[in-house]
Structures are given as C-alpha cells and as structure tokens.
Amino acid sequence: MSMNRIYLDNAATTPVDPLVLESMNQAFKECFGNASSMHTDGTLAKERLENARARLAEILTCSPEEVYFTSGGTEANNWGLKGFAFANRTKGNHIIVSAIEHDCVLNTCIWLQEQGFRITMLPVGETGVIDPESVTEPLKPETILISVMHVNNELGTIQPVSEIGRIAHENNIAFHTDACQSFGKIFLNAETLNADMISINAHKIYGPKGTGALIIRKGTMIEPLLHGGGQERGFRSTTENIPGIEGFVRAAELCKVYKTDDTVKIRSLSDLLISGLREKFENVYFNGNLQQRIPGILNFAFSGQEGEAMRIMLMLDEEGISVSAGSACSANHTGSGSHVLNAIGKNPVEARGAIRASIGRFNTEKDIIKFIEALLRIKKKLNPINSF
C-alpha cells in the first residue's frame with residue numbers, strides 16, 4: 001500500500017498484516033512439501049496443515065473435523081449451497097436466501113434454478129435488517145436450506161442469524177451463513193450461531209487473498225464441488241495452499257488478539273466520519289441501520305447528486321483516496337446499480353449513487369480528516385453545475 005494514499009475500502013479487501021506476511025514467508029521457506037506426500041517434507045506440511053486447522057477450530061469453537069479450507073469465500077458459498085442442494089435433493093428442492101446476499105450467493109441460486117431448484121428471495125426492511133419472523137412465511141414442506149449473510153458487505157448491517165438459524169432448525173431445515181464480512185470483527189461461536197455451514201475468508205481480515213474455509217457441522221450432508229485426489233477428507237480435492245492457510249489462521253488469531261483495540265479505534269473513526277459528513281454536507285444521507293451494523297462500513301450518498309457518485313469516487317482516487325461506489329464485486333462493473341440498495345427500497349438513481357467508505361486496522365484520524373477535506377475540494381470542482 002502506497003504511503004501517499006489513503007485506503008478506505010477495507011470491506012473490499014484489506015492490506016496484509018506484517019505479522020501475517022512473516023508467518024507466510026516462514027511457511028514458504030520451511031514447509032514447501034505436498035501435504036499428501038508420504039516423505040518427511042510431506043509429513044511436515046501435513047502437520048502444519050492440521051495444526052492450522054485445529055487453531056482455527058479453537059477460534060470458532062468447533063471441531064477441527066468441521067473445518068474445510070477453500071480458495072476463499074466465493075468457493076465456500078458456492079460449495080455450501082450447491083453441495084448441500086444436490087446432496088439433499090431427495091428431501092426437497094426449495095431454498096430461501098435473502099435479497100441482499102453477496103453476488104456469489106445470488107448467482108449460485110440462479111444456476112441452481114436452472115438445475116430445477118426453486119429459490120425464494122427473502123425481503124429486507126428499509127434499514128437493511130431482516131425480520132427473523134419473515135423467514136417463516138415462505139417455508140414449504142420441500143424447503144431444505146436457508147442462507148442469510150451475517151454482515152452485509154455494502155451496508156455493514158448485522159443480521160439476526162442466530163435467531164434465523166433457530167427458526168430453520170425448528171422446522172428441520174438446514175441453515176448456511178456467509179460470515180466473510182463478520183469473521184474477525186464479531187466473535188463467532190459455531191455452537192451459538194445455529195448454522196450448519198459457515199463461510200469465511202482471509203482477505204477481509206488482513207490475511208492473504210485466495211484462502212478461506214467452509215465450516216460444515218457434523219451430520220450435514222454435502223457433495224464435493226471439486227473432485228480429484230481426495231484432499232480435505234475427500235470433500236475438497238486440490239493440493240492444499242499451506243502458506244495461504246497459515247496466513248489465514250494467523251490473521252484470525254491476530255483479530256482475536258486485537259479485537260478490543262480494533263473495535264474501539266474503528267468505531268471512533270467511524271463516528272468521526274459520520275459527524276464530519278453531517279457537519280460539512282447538508283444533504284448527506286446514510287443507507288442502512290447506523291446502530292445495528294459493524295462500525296467499519298459506512299454507506300452514504302448526497303441527495304440530488306447521486307448521479308455523480310462514480311465521478312466523485314474517481315476524483316477521490318485522483319486525490320489519492322480509495323473508496324468504493326457500492327460493492328467491489330458488482331456495482332463497479334455494471335450499470336444496474338446496487339441490488340442491496342434496490343432491496344431496501346432505493347430508486348434506480350439512488351441505487352447507483354452510493355459511496356461506501358470502509359475503515360480498517362491501519363487507518364488513522366488523519367485519514368478521515370483528509371477524506372472529508374478532499375470531498376470539500378471535489379465540491380468546489382463540481383460547482384457551479386453541481387453542488388453538495
């Protein structure tokens with residue numbers, strides 16, 4: 001990360017913590033063997049893999065046998081939905097997901113529909129928080145799975161997943177949650193989360209890209225997504241990325257160590273940003289629930305100037321500041337606007353007009369002040385045609 005830039009897009013990805021990089025470098029140097037090989041180098045790699053699995057299981061309060069490493073959150077979500085759907089197809093073909101899921105979940109559901117499964121989209125309120133009781137309305141005898149993300153990647157809203165999971169289990173339905181945005185920021189206890197499958201990844205918690213995990217609770221029937229040499233106890237075939245896994249688990253451990261300090265600091269910076277925007281820009285408004293959310297994600301827009309959001313983002317980039325116009329995985333690549341903002345009742349213009357600033361461990365008060373000052377300079381550049 002350039003020392004001259006300000007990075008406020010931590011919901012898209014985070015810089016790798018130096019301590020994580022240190023542990024990965026050590027693994028690259030000392031543990032290059034294939035964990036499936038029978039010789040000493042392979043045995044050392046296998047030992048390191050299982051050690052990392054046990055450490056991650058301890059953080060999540062689950063069994064090491066329930067931890068399956070993946071290439072990231074997208075694979076974990078795809079595997080959780082597709083693998084469960086096909087393994088349980090004789091029980092039913094109906095799946096319920098929320099309307100504000102990550103694109104990899106929604107696109108997986110589109111694909112599953114083409115394979116004969118029925119998908120119901122669960123609506124959300126205008127604050128972006130799901131009412132748990134609304135989950136009961138679309139339940140059918142053939143419903144086999146409910147999937148609701150723990151923290152929304154665009155709004156930062158925290159969903160009542162434990163309650164939703166409880167309702168699912170009361171109706172003999174499995175529950176999956178995409179916890180990629182919450183893991184490392186909210187304490188996750190697999191016992192109390194009431195989820196049969198939990199997707200997590202590394203690059204949102206100051207770890208490496210290309211590494212994640214799907215937690216599959218005992219008794220959950222699932223089909224493999226990848227077939228081959230039978231790694232990950234026969235459920236996920238591919239040579240394990242030992243340095244990546246080591247970096248992932250080290251990042252998770254550091255999140256546990258730094259949790260209190262990170263939370264206090266990020267909440268303070270978030271409050272500073274909210275108060276600064278309200279003070280300097282009369283027509284600023286915020287999307288989502290400012291109370292029931294993780295403090296690191298702030299989604300906002302300027303009333304009457306939503307059409308300038310992409311221009312503002314690009315001008316901020318020229319100023320050396322990285323933010324997002326919606327989700328890094330969708331809104332920046334399409335002209336249709338945010339499906340999340342559409343789901344909470346925003347019109348097409350408003351759905352294309354949001355800016356997401358996401359604060360992380362390495363941000364400072366100076367970053368927030370400079371960000372607000374840059375927005376003020378951009379205001380002047382947009383005048384007299386546009387103003388905030």
# chains A, B, ... in the order shown; residues from 1 in each chain; ligands from 1
$ select_by_dssp --residues "region 139-209 of chain A" --states "alpha helix (DSSP H)" --output "ChimeraX atom specification"
/A:161-170
$ select_by_dssp --residues "region 18-224 of chain A" --states "strand (DSSP E)" --output "VMD selection string"
chain A and resid 67 to 70 94 to 98 118 to 122 143 to 147 174 to 178 197 to 201 212 to 216
$ residues_around --residues "Arg53 (chain A)" --least-positions-apart "4" --cutoff "12 Å" --atoms "only C-alpha atoms" --output "PyMOL selection string"
chain A and resi 46-49+57-70+212-215+232+240+242+245-250+252
$ write_last_selection --atoms "N, CA and C atoms" --output "tab-separated table (two decimals), in the first residue's frame"
chain	number	residue	atom	x	y	z
A	46	LYS	N	1.79	-31.72	6.20
A	46	LYS	CA	0.53	-32.23	6.75
A	46	LYS	C	0.37	-31.83	8.20
A	47	GLU	N	1.43	-31.89	8.96
A	47	GLU	CA	1.38	-31.49	10.37
A	47	GLU	C	1.05	-30.02	10.51
A	48	ARG	N	1.62	-29.21	9.64
A	48	ARG	CA	1.36	-27.78	9.69
A	48	ARG	C	-0.09	-27.49	9.30
A	49	LEU	N	-0.58	-28.21	8.30
A	49	LEU	CA	-1.97	-28.05	7.88
A	49	LEU	C	-2.92	-28.39	9.02
A	57	ALA	N	-10.24	-23.96	14.38
A	57	ALA	CA	-11.39	-24.57	15.04
A	57	ALA	C	-11.54	-24.04	16.46
A	58	GLU	N	-10.44	-23.83	17.13
A	58	GLU	CA	-10.49	-23.30	18.50
A	58	GLU	C	-11.09	-21.90	18.51
A	59	ILE	N	-10.71	-21.06	17.54
A	59	ILE	CA	-11.26	-19.70	17.45
A	59	ILE	C	-12.77	-19.73	17.22
A	60	LEU	N	-13.23	-20.70	16.43
A	60	LEU	CA	-14.64	-20.78	16.06
A	60	LEU	C	-15.47	-21.64	17.00
A	61	THR	N	-14.82	-22.27	17.96
A	61	THR	CA	-15.48	-23.19	18.91
A	61	THR	C	-16.19	-24.31	18.15
A	62	CYS	N	-15.44	-24.95	17.29
A	62	CYS	CA	-15.97	-26.11	16.58
A	62	CYS	C	-14.90	-27.18	16.56
A	63	SER	N	-15.20	-28.32	15.98
A	63	SER	CA	-14.24	-29.41	15.88
A	63	SER	C	-13.33	-29.21	14.67
A	64	PRO	N	-12.05	-29.58	14.77
A	64	PRO	CA	-11.17	-29.47	13.60
A	64	PRO	C	-11.71	-30.24	12.40
A	65	GLU	N	-12.44	-31.33	12.65
A	65	GLU	CA	-13.01	-32.12	11.56
A	65	GLU	C	-14.13	-31.39	10.83
A	66	GLU	N	-14.58	-30.26	11.37
A	66	GLU	CA	-15.63	-29.49	10.73
A	66	GLU	C	-15.08	-28.34	9.89
A	67	VAL	N	-13.76	-28.17	9.87
A	67	VAL	CA	-13.10	-27.09	9.13
A	67	VAL	C	-12.56	-27.62	7.81
A	68	TYR	N	-13.05	-27.04	6.71
A	68	TYR	CA	-12.59	-27.41	5.37
A	68	TYR	C	-12.05	-26.16	4.68
A	69	PHE	N	-10.77	-26.17	4.36
A	69	PHE	CA	-10.15	-25.00	3.74
A	69	PHE	C	-10.53	-24.91	2.27
A	70	THR	N	-10.74	-23.68	1.80
A	70	THR	CA	-11.14	-23.41	0.41
A	70	THR	C	-10.25	-22.32	-0.17
A	212	GLY	N	-9.72	-19.42	2.26
A	212	GLY	CA	-10.92	-19.30	3.08
A	212	GLY	C	-11.27	-20.65	3.66
A	213	ALA	N	-12.49	-20.77	4.16
A	213	ALA	CA	-12.91	-22.04	4.72
A	213	ALA	C	-14.43	-22.13	4.73
A	214	LEU	N	-14.93	-23.35	4.66
A	214	LEU	CA	-16.33	-23.63	4.89
A	214	LEU	C	-16.39	-24.52	6.13
A	215	ILE	N	-17.08	-24.05	7.15
A	215	ILE	CA	-17.29	-24.83	8.35
A	215	ILE	C	-18.56	-25.66	8.13
A	232	GLU	N	-8.72	-32.85	1.90
A	232	GLU	CA	-9.76	-32.36	2.85
A	232	GLU	C	-10.79	-33.46	3.13
A	240	GLU	N	-3.25	-28.57	-1.01
A	240	GLU	CA	-3.52	-27.51	-0.04
A	240	GLU	C	-2.46	-26.40	-0.11
A	242	ILE	N	-0.56	-24.38	1.82
A	242	ILE	CA	-0.10	-24.32	3.22
A	242	ILE	C	0.27	-22.89	3.64
A	245	ILE	N	-2.96	-20.91	4.01
A	245	ILE	CA	-3.72	-21.36	5.18
A	245	ILE	C	-3.07	-20.86	6.46
A	246	GLU	N	-1.74	-20.94	6.51
A	246	GLU	CA	-1.02	-20.43	7.68
A	246	GLU	C	-1.28	-18.94	7.86
A	247	GLY	N	-1.27	-18.19	6.75
A	247	GLY	CA	-1.55	-16.76	6.83
A	247	GLY	C	-2.97	-16.47	7.26
A	248	PHE	N	-3.91	-17.27	6.78
A	248	PHE	CA	-5.32	-17.12	7.15
A	248	PHE	C	-5.50	-17.30	8.65
A	249	VAL	N	-4.96	-18.39	9.18
A	249	VAL	CA	-5.15	-18.68	10.60
A	249	VAL	C	-4.42	-17.66	11.47
A	250	ARG	N	-3.24	-17.25	11.03
A	250	ARG	CA	-2.50	-16.23	11.79
A	250	ARG	C	-3.29	-14.92	11.82
A	252	ALA	N	-6.52	-14.63	11.63
A	252	ALA	CA	-7.66	-14.84	12.54
A	252	ALA	C	-7.22	-14.73	13.99
$ residues_around --residues "Arg356 (chain A)" --least-positions-apart "5" --cutoff "10 Å" --atoms "only C-alpha atoms" --output "list in words"
Leu8, Asp9, Asn10, Ala11, Ala12, Asn153, Glu154, Leu155, Gly156, Phe286, Asn287, Ile297, Leu298, Asn299, Phe300, Ala301, Met313, Ser322, Val323, Ser324, Ala325, Gly326, Ser327 and Ala328 of chain A
$ write_last_selection --atoms "C-alpha atoms" --output "PDB file, in the first residue's frame"
ATOM      1  CA  LEU A   8     -10.809   3.360   2.821  1.00  0.00           C
ATOM      2  CA  ASP A   9     -12.036   0.238   1.002  1.00  0.00           C
ATOM      3  CA  ASN A  10     -11.363  -2.396   3.652  1.00  0.00           C
ATOM      4  CA  ALA A  11     -14.721  -4.089   3.013  1.00  0.00           C
ATOM      5  CA  ALA A  12     -13.432  -4.999  -0.462  1.00  0.00           C
ATOM      6  CA  ASN A 153     -20.882  -6.170   2.594  1.00  0.00           C
ATOM      7  CA  GLU A 154     -22.400  -2.897   1.320  1.00  0.00           C
ATOM      8  CA  LEU A 155     -24.281  -1.606   4.361  1.00  0.00           C
ATOM      9  CA  GLY A 156     -22.448  -3.273   7.232  1.00  0.00           C
ATOM     10  CA  PHE A 286     -26.794   7.270   5.161  1.00  0.00           C
ATOM     11  CA  ASN A 287     -28.012   3.924   3.877  1.00  0.00           C
ATOM     12  CA  ILE A 297     -18.604   0.081   6.859  1.00  0.00           C
ATOM     13  CA  LEU A 298     -20.376   3.348   6.063  1.00  0.00           C
ATOM     14  CA  ASN A 299     -22.659   3.690   3.036  1.00  0.00           C
ATOM     15  CA  PHE A 300     -23.718   7.232   2.208  1.00  0.00           C
ATOM     16  CA  ALA A 301     -24.884   9.486  -0.624  1.00  0.00           C
ATOM     17  CA  MET A 313     -15.100   8.156  -6.491  1.00  0.00           C
ATOM     18  CA  SER A 322      -9.593   4.691  -2.299  1.00  0.00           C
ATOM     19  CA  VAL A 323     -13.307   4.190  -1.633  1.00  0.00           C
ATOM     20  CA  SER A 324     -15.971   2.165  -3.431  1.00  0.00           C
ATOM     21  CA  ALA A 325     -19.122   3.070  -5.301  1.00  0.00           C
ATOM     22  CA  GLY A 326     -21.038   0.123  -3.873  1.00  0.00           C
ATOM     23  CA  SER A 327     -19.619  -3.403  -3.746  1.00  0.00           C
ATOM     24  CA  ALA A 328     -16.258  -4.155  -5.325  1.00  0.00           C
TER      25      ALA A 328
END
$ closest_residue --among "A:Ala309, A:Ile95, A:Ala35, A:Leu139" --to "Glu350 (chain A)" --atoms "only C-alpha atoms"
A:Ala309
$ closest_residue --among "A:Pro224, A:Gly230, A:Pro15, A:Pro132" --to "Ile167 (chain A)" --atoms "only C-alpha atoms"
A:Pro132
